[in-house]
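Participant: structure.cif is the file, holding mmCIF, C-alpha atoms:
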```cif
data_my_file
#
loop_
_atom_site.label_atom_id
_atom_site.label_comp_id
_atom_site.auth_asym_id
_atom_site.auth_seq_id
_atom_site.Cartn_x
_atom_site.Cartn_y
_atom_site.Cartn_z
CA VAL A 24 0.00 0.00 0.00
CA ALA A 25 2.83 2.28 0.87
CA ASP A 26 4.55 1.52 -2.44
CA GLN A 27 1.39 2.21 -4.39
CA SER A 28 0.82 5.53 -2.69
CA SER A 29 4.42 6.57 -3.24
CA SER A 30 4.31 5.60 -6.89
CA ARG A 31 1.01 7.42 -7.26
CA ASN A 32 2.50 10.59 -5.82
CA ARG A 33 5.67 10.34 -7.89
CA PRO A 34 5.75 12.91 -10.70
CA ALA A 35 5.72 11.44 -14.18
CA THR A 36 9.20 12.22 -15.38
CA ARG A 37 9.01 9.37 -17.87
CA PRO A 38 5.48 9.29 -19.18
CA THR A 39 4.19 6.15 -20.76
CA VAL A 40 2.74 6.17 -24.25
CA ARG A 41 -0.75 6.34 -22.81
CA GLY A 42 0.33 9.10 -20.48
CA SER A 43 1.94 11.05 -23.26
CA ARG A 44 -1.19 10.75 -25.39
CA ALA A 45 -3.30 11.95 -22.54
CA ALA A 46 -0.86 14.69 -21.80
CA GLY A 47 -0.87 15.59 -25.48
CA HIS A 48 -4.35 17.02 -25.19
CA ILE A 49 -3.47 18.78 -21.99
CA ASP A 50 -0.20 20.14 -23.37
CA SER A 51 -1.52 21.16 -26.75
CA ALA A 52 -1.56 24.76 -25.59
CA PHE A 53 2.01 24.41 -24.40
CA GLU A 54 2.99 22.75 -27.66
CA GLU A 55 1.47 25.62 -29.58
CA THR A 56 3.33 28.09 -27.41
CA LEU A 57 6.55 26.17 -27.91
CA ARG A 58 6.00 26.06 -31.65
CA ARG A 59 5.44 29.79 -31.83
CA ARG A 60 8.41 30.66 -29.64
CA LEU A 61 10.70 28.27 -31.48
CA ARG A 62 9.74 29.74 -34.83
CA ASP A 63 10.15 33.27 -33.54
CA THR A 64 13.56 32.40 -32.18
CA LEU A 65 14.95 30.47 -35.14
CA ASP A 66 13.43 32.75 -37.76
CA GLY A 67 15.12 35.60 -35.99
CA VAL A 68 18.62 34.22 -36.44
CA GLU A 69 20.41 34.98 -39.67
CA GLY A 70 23.40 33.10 -40.90
CA PRO A 71 26.25 34.53 -42.94
CA ASP A 72 25.60 35.83 -46.41
CA PRO A 73 24.55 32.78 -48.41
CA VAL A 74 26.57 33.29 -51.58
CA TRP A 75 27.79 30.07 -53.11
CA ALA A 76 30.69 31.73 -54.90
CA THR A 77 32.30 32.83 -51.65
CA SER A 78 31.20 30.00 -49.42
CA PRO A 79 33.63 27.65 -47.68
CA ALA A 80 31.62 24.74 -49.01
CA ARG A 81 32.40 25.78 -52.59
CA ARG A 82 36.08 26.10 -51.76
CA GLU A 83 36.10 22.60 -50.32
CA VAL A 84 34.23 21.26 -53.31
CA GLN A 85 36.62 22.96 -55.69
CA ALA A 86 39.58 21.59 -53.78
CA GLY A 87 38.42 18.18 -54.87
CA HIS A 88 37.23 16.90 -51.55
CA GLY A 89 33.61 17.02 -52.52
CA GLY A 90 33.67 17.12 -56.27
CA PHE A 91 34.29 13.56 -57.19
CA PRO A 92 32.60 10.52 -55.76
CA VAL A 93 34.56 7.34 -55.24
CA TRP A 94 33.70 5.82 -58.58
CA ARG A 95 34.94 8.90 -60.37
CA SER A 96 38.24 8.73 -58.52
CA LEU A 97 38.61 5.05 -59.39
CA ALA A 98 37.82 5.80 -63.02
CA ALA A 99 40.45 8.52 -63.05
CA ILE A 100 43.04 6.14 -61.58
CA ALA A 101 42.17 3.46 -64.13
CA ALA A 102 42.48 5.95 -66.96
CA GLY A 103 45.86 7.03 -65.68
CA LEU A 104 47.08 3.45 -65.53
CA LEU A 105 45.93 2.89 -69.09
CA VAL A 106 47.83 5.94 -70.28
CA VAL A 107 50.98 4.78 -68.50
CA ALA A 108 50.66 1.28 -69.94
CA ALA A 109 50.18 2.68 -73.42
CA GLY A 110 53.22 4.89 -73.02
CA VAL A 111 55.40 2.02 -71.86
CA THR A 112 54.25 -0.09 -74.78
CA MET A 113 54.99 2.66 -77.27
CA ILE A 114 58.47 3.16 -75.84
CA SER A 115 59.40 -0.53 -75.75
CA LEU A 116 57.94 -1.41 -79.13
CA PRO A 117 60.50 0.40 -81.38
CA LYS A 118 63.43 -1.19 -79.53
CA SER A 119 62.23 -4.72 -79.96
CA SER A 120 61.23 -4.14 -83.57
CA SER A 121 64.59 -2.63 -84.44
CA ALA A 122 66.40 -5.49 -82.78
CA ALA A 123 64.28 -8.01 -84.59
CA SER A 124 64.88 -6.32 -87.90
CA ALA A 125 68.57 -6.17 -87.23
CA ALA A 126 68.61 -9.85 -86.39
CA ALA A 127 66.67 -10.65 -89.51
CA SER A 128 68.99 -8.69 -91.78
CA GLY A 129 72.12 -9.96 -90.08
CA LEU A 130 73.63 -6.51 -89.82
CA PRO A 131 75.93 -5.69 -86.94
CA ALA A 132 73.85 -4.20 -84.21
CA ALA A 133 76.56 -3.32 -81.72
CA SER A 134 76.39 0.34 -82.51
CA GLN A 135 72.61 0.35 -82.20
CA GLU A 136 72.35 -1.55 -78.99
CA ALA A 137 72.12 0.05 -75.64
CA PRO A 138 75.00 -0.76 -73.31
CA SER A 139 72.68 -2.58 -70.97
CA TYR A 140 72.23 -5.35 -73.51
CA ALA A 141 75.92 -6.12 -73.69
CA PRO A 142 76.65 -9.34 -71.84
CA SER A 143 79.11 -8.86 -69.08
CA GLY A 144 78.98 -12.35 -67.68
CA ALA A 145 76.01 -11.63 -65.47
CA PRO A 146 72.66 -12.94 -66.62
CA SER A 147 70.50 -10.25 -68.05
CA GLY A 148 66.83 -10.70 -67.34
CA GLY A 149 65.78 -8.43 -70.13
CA ALA A 150 67.62 -10.45 -72.77
CA THR A 151 66.00 -13.82 -72.31
CA SER A 152 64.06 -15.51 -74.99
CA VAL A 153 60.95 -17.58 -75.36
CA ALA A 154 61.52 -18.38 -78.96
CA PRO A 155 62.22 -22.06 -79.54
CA PRO A 156 65.92 -22.17 -80.24
CA ALA A 157 66.99 -23.52 -83.51
CA PRO A 158 69.65 -26.18 -83.21
CA SER A 159 72.15 -24.13 -85.18
CA ALA A 160 71.46 -20.99 -83.24
CA SER A 161 71.71 -22.71 -79.91
CA ALA A 162 74.90 -24.41 -80.92
CA ALA A 163 76.35 -21.13 -82.12
CA SER A 164 75.40 -19.26 -79.04
CA ALA A 165 76.25 -22.05 -76.62
CA SER A 166 79.91 -21.95 -77.55
CA PRO A 167 80.82 -18.38 -78.12
CA SER A 168 84.27 -17.69 -79.28
CA PRO A 169 86.18 -14.49 -78.72
CA SER A 170 86.47 -13.98 -82.46
CA ALA A 171 82.76 -14.20 -83.09
CA SER A 172 81.35 -11.16 -84.75
CA PRO A 173 79.05 -9.06 -82.58
CA THR A 174 75.67 -9.87 -83.99
CA ALA A 175 72.25 -10.07 -82.51
CA THR A 176 71.14 -13.65 -82.51
CA LEU A 177 67.88 -15.36 -81.78
CA GLY A 178 67.99 -18.09 -79.23
CA PRO A 179 69.19 -18.64 -75.73
CA CYS A 180 71.82 -16.31 -74.46
CA PRO A 181 75.26 -17.67 -73.73
CA SER A 182 74.99 -16.29 -70.26
CA LEU A 183 71.86 -18.33 -69.77
CA SER A 184 73.35 -21.60 -70.93
CA GLY A 185 72.05 -24.41 -68.89
CA ARG A 186 69.12 -22.38 -67.65
CA THR A 187 65.66 -21.86 -68.95
CA PRO A 188 64.90 -18.33 -70.09
CA ASP A 189 62.07 -16.62 -68.38
CA PRO A 190 59.26 -16.53 -70.93
CA LEU A 191 57.64 -13.57 -69.28
CA MET A 192 60.55 -11.24 -69.61
CA CYS A 193 60.74 -10.66 -73.33
CA LEU A 194 59.78 -12.13 -76.63
CA THR A 195 63.09 -11.96 -78.44
CA CYS A 196 66.55 -12.68 -77.29
CA ARG A 197 69.15 -10.20 -78.28
CA CYS A 198 72.49 -11.43 -77.19
CA GLU A 199 75.74 -10.22 -78.45
CA THR A 200 79.26 -10.92 -77.65
CA PRO A 201 81.44 -7.86 -77.83
CA SER A 202 84.32 -8.30 -80.13
CA PRO A 203 87.71 -7.06 -79.03
CA THR A 204 87.91 -5.23 -82.35
CA ALA A 205 84.41 -3.87 -82.30
CA GLY A 206 85.45 -0.55 -80.89
CA GLY A 207 87.94 0.20 -83.62
CA VAL B 19 29.97 15.61 -69.57
CA ALA B 20 31.57 18.95 -68.79
CA VAL B 21 28.42 20.84 -69.70
CA ALA B 22 26.30 18.57 -67.53
CA PHE B 23 28.73 18.97 -64.65
CA LEU B 24 28.70 22.75 -64.92
CA SER B 25 24.93 22.93 -65.05
CA GLU B 26 24.80 20.65 -62.00
CA VAL B 27 27.10 23.00 -60.12
CA GLU B 28 25.01 25.97 -61.16
CA ASP B 29 21.88 24.26 -59.95
CA PHE B 30 23.56 23.40 -56.69
CA ALA B 31 24.64 27.00 -56.27
CA ALA B 32 21.04 28.12 -56.62
CA PHE B 33 19.97 25.39 -54.21
CA TYR B 34 22.59 26.55 -51.71
CA GLU B 35 21.57 30.17 -51.84
CA ARG B 36 17.90 29.29 -51.66
CA SER B 37 18.12 26.96 -48.70
CA TYR B 38 21.11 28.16 -46.72
CA GLN B 39 19.11 29.93 -44.01
CA LEU B 40 16.98 26.85 -43.52
CA ALA B 41 20.08 24.74 -42.94
CA TYR B 42 21.65 27.36 -40.72
CA ARG B 43 18.56 27.75 -38.53
CA THR B 44 18.17 24.03 -38.20
CA ALA B 45 21.77 23.67 -37.11
CA TYR B 46 21.40 26.60 -34.74
CA GLY B 47 18.34 25.05 -33.18
CA ILE B 48 20.29 21.87 -32.45
CA VAL B 49 23.65 23.24 -31.34
CA GLY B 50 22.58 26.65 -30.09
CA ASP B 51 25.72 28.43 -31.23
CA ALA B 52 26.07 30.76 -34.21
CA ALA B 53 29.63 29.88 -35.22
CA ALA B 54 29.07 26.17 -34.83
CA ALA B 55 25.84 26.40 -36.76
CA ALA B 56 27.62 28.14 -39.63
CA ASP B 57 30.29 25.43 -39.70
CA ILE B 58 27.70 22.69 -39.60
CA ALA B 59 25.74 24.30 -42.40
CA GLN B 60 28.85 24.40 -44.58
CA ASP B 61 29.69 20.79 -43.78
CA ALA B 62 26.13 19.80 -44.52
CA PHE B 63 26.22 21.45 -47.92
CA VAL B 64 29.49 19.74 -48.75
CA ALA B 65 27.88 16.44 -47.76
CA ALA B 66 24.84 17.31 -49.82
CA TYR B 67 27.05 18.11 -52.80
CA ARG B 68 28.74 14.75 -52.49
CA ALA B 69 25.41 12.97 -52.20
CA ARG B 70 23.63 14.96 -54.88
CA ASP B 71 23.76 12.00 -57.25
CA SER B 72 21.77 9.92 -54.79
CA PHE B 73 18.97 12.47 -54.55
CA ARG B 74 16.25 11.33 -56.90
CA GLY B 75 13.49 13.66 -55.85
CA GLU B 76 11.47 11.01 -54.05
CA ALA B 77 11.37 13.22 -50.96
CA PRO B 78 11.30 17.01 -51.02
CA ALA B 79 14.70 18.59 -51.27
CA ARG B 80 14.00 20.45 -48.03
CA ALA B 81 13.53 17.24 -46.08
CA TRP B 82 16.60 15.73 -47.74
CA LEU B 83 18.72 18.71 -46.75
CA VAL B 84 17.31 18.91 -43.22
CA ARG B 85 18.16 15.26 -42.70
CA ILE B 86 21.74 15.90 -43.75
CA VAL B 87 21.96 18.94 -41.49
CA VAL B 88 20.60 17.02 -38.51
CA ASN B 89 23.03 14.17 -38.99
CA THR B 90 25.91 16.58 -39.47
CA ALA B 91 24.96 18.49 -36.33
CA LEU B 92 24.62 15.35 -34.22
CA SER B 93 27.95 14.06 -35.51
CA ALA B 94 29.56 17.38 -34.73
CA ARG B 95 28.19 17.32 -31.23
CA ARG B 96 29.57 13.84 -30.75
CA ARG B 97 33.02 14.92 -31.71
CA ALA B 98 35.18 16.16 -28.92
CA SER B 99 36.44 19.04 -31.01
CA LEU B 100 33.09 20.76 -30.96
CA ARG B 101 32.42 21.31 -27.32
CA PRO B 102 29.18 23.15 -26.68
CA LEU B 103 29.51 26.63 -25.37
CA SER B 104 28.07 27.26 -22.00
CA PHE B 105 25.04 29.44 -21.76
CA ASP B 106 27.02 32.29 -20.22
CA ASP B 107 29.50 32.19 -23.10
CA ARG B 108 26.71 32.41 -25.61
CA VAL B 109 25.10 35.34 -23.83
CA ALA B 110 28.35 37.20 -24.31
CA THR B 111 28.49 36.46 -28.04
CA VAL B 112 24.86 36.97 -29.02
CA ALA B 113 24.13 40.60 -29.74
CA ALA B 114 21.27 41.92 -27.63
CA PRO B 115 19.04 38.88 -27.66
CA ARG B 116 15.52 39.12 -26.43
CA SER B 117 14.79 37.72 -23.05
CA ASP B 118 12.26 35.14 -24.23
CA ARG B 119 14.74 33.89 -26.79
CA LEU B 120 17.34 33.46 -24.09
CA GLU B 121 14.79 31.72 -21.95
CA LEU B 122 13.94 29.29 -24.72
CA GLU B 123 17.59 28.62 -25.47
CA ARG B 124 18.24 28.02 -21.84
CA ALA B 125 15.38 25.54 -21.78
CA LEU B 126 16.65 23.80 -24.93
CA ASP B 127 20.03 23.47 -23.28
CA THR B 128 18.52 21.08 -20.79
CA LEU B 129 17.69 18.56 -23.52
CA SER B 130 19.90 15.91 -24.98
CA ASP B 131 21.10 16.40 -28.55
CA ARG B 132 18.62 13.95 -30.03
CA GLN B 133 15.77 15.36 -27.99
CA ARG B 134 16.69 18.81 -29.17
CA ALA B 135 16.85 17.66 -32.76
CA ALA B 136 13.45 16.02 -32.40
CA VAL B 137 11.97 19.21 -30.95
CA VAL B 138 13.37 21.31 -33.79
CA LEU B 139 12.15 18.86 -36.41
CA ARG B 140 8.71 18.61 -34.84
CA TYR B 141 7.93 22.14 -33.70
CA TYR B 142 9.99 24.23 -36.09
CA HIS B 143 9.80 22.22 -39.30
CA GLY B 144 6.53 20.47 -38.58
CA PHE B 145 7.61 16.98 -39.60
CA ASP B 146 5.51 14.09 -38.39
CA TYR B 147 6.78 11.27 -36.21
CA ALA B 148 7.55 8.95 -39.11
CA GLU B 149 9.63 11.55 -40.91
CA ILE B 150 11.51 12.41 -37.74
CA ALA B 151 12.11 8.73 -37.06
CA HIS B 152 13.50 8.32 -40.59
CA MET B 153 15.81 11.29 -40.12
CA LEU B 154 17.06 10.20 -36.71
CA GLY B 155 17.29 6.55 -37.58
CA THR B 156 14.85 5.33 -34.98
CA THR B 157 11.22 4.34 -34.62
CA SER B 158 8.13 6.50 -34.42
CA GLY B 159 7.46 5.23 -30.92
CA ASN B 160 10.90 6.28 -29.81
CA VAL B 161 10.33 9.71 -31.32
CA GLY B 162 7.09 10.04 -29.36
CA SER B 163 8.89 9.04 -26.20
CA MET B 164 11.71 11.51 -26.84
CA LEU B 165 9.29 14.33 -27.52
CA SER B 166 7.23 13.55 -24.44
CA ARG B 167 10.28 13.72 -22.22
CA ALA B 168 11.46 16.85 -23.96
CA LEU B 169 8.11 18.53 -23.43
CA VAL B 170 8.15 17.70 -19.75
CA ALA B 171 11.62 19.17 -19.39
CA LEU B 172 10.83 22.24 -21.47
CA ARG B 173 7.65 22.87 -19.61
CA ALA B 174 9.49 22.66 -16.33
CA GLU B 175 11.90 25.30 -17.57
CA LEU B 176 9.49 27.59 -19.37
CA GLU B 177 6.48 27.26 -17.10
CA PRO B 178 8.01 26.26 -13.81
CA SER B 179 5.68 25.03 -11.16
CA PRO B 180 6.94 24.15 -7.70
CA ALA B 181 6.34 20.40 -7.98
CA ALA B 182 7.26 19.88 -11.64
CA GLY B 183 10.25 22.12 -11.36
CA ARG B 184 11.79 20.10 -8.58
CA ALA B 185 11.05 16.84 -10.33
CA THR B 186 12.27 17.53 -13.85
CA ALA B 187 14.60 20.48 -13.84
CA ALA B 188 17.11 18.91 -11.49
CA PRO B 189 17.98 15.90 -13.66
CA ALA B 190 17.98 18.09 -16.72
CA ARG B 191 20.42 20.47 -15.14
CA ARG B 192 22.57 17.52 -14.14
CA ARG B 193 22.71 16.49 -17.82
CA VAL B 194 23.80 19.99 -18.80
CA GLU B 195 26.48 19.99 -16.16
CA ALA B 196 27.70 16.60 -17.30
CA ARG B 197 27.77 17.74 -20.93
CA ARG B 198 29.78 20.83 -20.04
CA GLY B 199 32.19 18.82 -17.95
#
```
Before we go any further, please render this structure as structure tokens.
Facilitator:
Amino acid sequence: VADQSSSRNRPATRPTVRGSRAAGHIDSAFEETLRRRLRDTLDGVEGPDPVWATSPARREVQAGHGGFPVWRSLAAIAAGLLVVAAGVTMISLPKSSSAASAAASGLPAASQEAPSYAPSGAPSGGATSVAPPAPSASAASASPSPSASPTATLGPCPSLSGRTPDPLMCLTCRCETPSPTAGG
Amino acid sequence: VAVAFLSEVEDFAAFYERSYQLAYRTAYGIVGDAAAAADIAQDAFVAAYRARDSFRGEAPARAWLVRIVVNTALSARRRASLRPLSFDDRVATVAAPRSDRLELERALDTLSDRQRAAVVLRYYHGFDYAEIAHMLGTTSGNVGSMLSRALVALRAELEPSPAAGRATAAPARRRVEARRG
């Protein structure tokens, strides 16, 4: 009995749904007053001059933070990668074609080759071949002699003898043995 | 694509200038500070610009923007960097406010952030419970509960009676003190 009387006298700080509905009718006047005062208050405040051209939001958007969604950024990155890949292909294509043409014509290519292609005893990853070696070519390149003329040959490099060329590195093998008389 | 992008920006500029005060007043009603409300309004427009592709016109643009402003304001209040100014600080920064406005702001200070947002959405914008629940990410019943508690607290502050004032204003003031601390 004591608990019931105390709970009955306790003010409703947390009204139930039924209590709030009942209080809704009672407080409708207060709600209307609150609505009016809130509108008077908030309609009376004025923010800064709302000009988009001078707004901080426009500056942030122009800085790129808000201008591009994620998919646009990814598309831009993909386009950049494509451009880089195309550029690399265009740069590497003339070298391989000139080497192949030189090998096909049998002309000395020592003066046209970059120094990095010259074998110095160390295996060169960029000079490997995936072309099936012809028996004559492999025999010629497997036993290089100091007096051999410096020509670009197709087939496994002498420095790679006994090892399998990496087929992913290049499509043609340009190996040359510098002649002692090649420089003059 | 460039022409479409430019026209989109031009449309957004008109949208910004048309609805800036709405966003600012909504933010002010929730945070109660002019500088913070201006920052929140700018952040909300940046967020709206980023999300402009997702706006398909199913809801009014006003409700779409108000929802972004409310979420931005609540997120800003959650961050530690935006600490709410005390009432005395705000009195010093607001130029000659009217006494009833100060009284209302003092009463709103006693509410939690979500209660305050619900009050602004309900009694300033006039949204119904379902719309408020959608904006706040809760249920209509929870919105009714929040508003009922908020009304009790506001009534205790604005129309203090001896019994109700002792019962409701004390816990509300404790919340304000805890928020300031």
Participant: Hey, could you make a per-residue contact list for chain B against chain A with 7 Å as the cut-off, showing the nearest pair of atoms and its distance in Å to one decimal, counting only C-alpha atoms, sorted by chain and number, as CSV?
Facilitator:
```
residue,atom,partner,partner_atom,distance
B:Ala31,CA,A:Trp75,CA,5.4
B:Tyr34,CA,A:Trp75,CA,6.4
B:Glu35,CA,A:Pro73,CA,5.2
B:Tyr38,CA,A:Pro73,CA,6.0
B:Gln39,CA,A:Gly70,CA,6.2
B:Tyr42,CA,A:Gly70,CA,6.0
B:Arg43,CA,A:Leu65,CA,5.7
B:Gly47,CA,A:Leu65,CA,6.7
B:Ala56,CA,A:Gly70,CA,6.6
B:Gln60,CA,A:Ala80,CA,5.2
B:Asp61,CA,A:Ala80,CA,6.8
B:Phe63,CA,A:Ala80,CA,6.4
B:Val64,CA,A:Ala80,CA,5.4
B:Tyr67,CA,A:Gly89,CA,6.7
B:Arg68,CA,A:Gly89,CA,5.4
B:Arg119,CA,A:Thr64,CA,5.7
B:Tyr141,CA,A:Arg58,CA,4.8
B:Tyr142,CA,A:Arg62,CA,5.7
B:Ser166,CA,A:Ser43,CA,6.0
B:Arg167,CA,A:Arg37,CA,6.3
B:Ala185,CA,A:Pro34,CA,6.6
B:Thr186,CA,A:Thr36,CA,6.3
```
Participant: Write out as a compact mmCIF listing (two decimals) with C-alpha atoms, keeping the file's coordinate frame which residues come within 12 Å of Trp82 of chain B when counting only C-alpha atoms, dropping same-chain ones fewer than 6 positions away.
Facilitator:
```
# COMPACT_ATOMS: atom_id res chain seq x y z
CA SER B 37 18.12 26.96 -48.70
CA LEU B 40 16.98 26.85 -43.52
CA ALA B 41 20.08 24.74 -42.94
CA ALA B 62 26.13 19.80 -44.52
CA PHE B 63 26.22 21.45 -47.92
CA ALA B 65 27.88 16.44 -47.76
CA ALA B 66 24.84 17.31 -49.82
CA TYR B 67 27.05 18.11 -52.80
CA ALA B 69 25.41 12.97 -52.20
CA ARG B 70 23.63 14.96 -54.88
CA SER B 72 21.77 9.92 -54.79
CA PHE B 73 18.97 12.47 -54.55
CA ARG B 74 16.25 11.33 -56.90
CA GLY B 75 13.49 13.66 -55.85
CA GLU B 76 11.47 11.01 -54.05
CA VAL B 88 20.60 17.02 -38.51
CA ASN B 89 23.03 14.17 -38.99
CA GLU B 149 9.63 11.55 -40.91
CA ILE B 150 11.51 12.41 -37.74
CA HIS B 152 13.50 8.32 -40.59
CA MET B 153 15.81 11.29 -40.12
```
Participant: Separation of atom CA of Ala81 of chain B and atom CA of Arg97 of chain B, in Å?
Facilitator: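 The value is 24.3 Å.
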Participant: What's the separation between atom CA of Ser130 of chain B and atom CA of Val49 of chain B, in Å to one decimal place?
Facilitator: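 Between atom CA of Ser130 of chain B and atom CA of Val49 of chain B the gap works out to 10.4 Å.
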Participant: Figure out the distance between atom CA of Ala135 of chain B and atom CA of Leu120 of chain B, please, to one decimal in Å.
Facilitator: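 Answer for the atom CA of Leu120 of chain B to atom CA of Ala135 of chain B separation: 18.0 Å.
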Participant: With all atoms listed in the file as the basis for distance, which of B:Ala59, B:Ile48, B:Ala151, B:Ala91 is at the shortest distance from Ser163 of chain B?
Facilitator: B:Ala151
Participant: Using the chain letters and numbers from this file, what does the PyMOL selection byres ((chain B and resi 136) around 8) select? Give the answer as a short mmCIF file (atom, residue, chain, number, x, y, z; two decimals) with C-alpha atoms, in the coordinates of the input.
Facilitator:
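The result, written out as expr18.cif:
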```cif
data_model
loop_
_atom_site.label_atom_id
_atom_site.label_comp_id
_atom_site.auth_asym_id
_atom_site.auth_seq_id
_atom_site.Cartn_x
_atom_site.Cartn_y
_atom_site.Cartn_z
CA ARG B 132 18.62 13.95 -30.03
CA GLN B 133 15.77 15.36 -27.99
CA ARG B 134 16.69 18.81 -29.17
CA ALA B 135 16.85 17.66 -32.76
CA VAL B 137 11.97 19.21 -30.95
CA VAL B 138 13.37 21.31 -33.79
CA LEU B 139 12.15 18.86 -36.41
CA ARG B 140 8.71 18.61 -34.84
CA ILE B 150 11.51 12.41 -37.74
CA VAL B 161 10.33 9.71 -31.32
CA MET B 164 11.71 11.51 -26.84
CA LEU B 165 9.29 14.33 -27.52
#
```
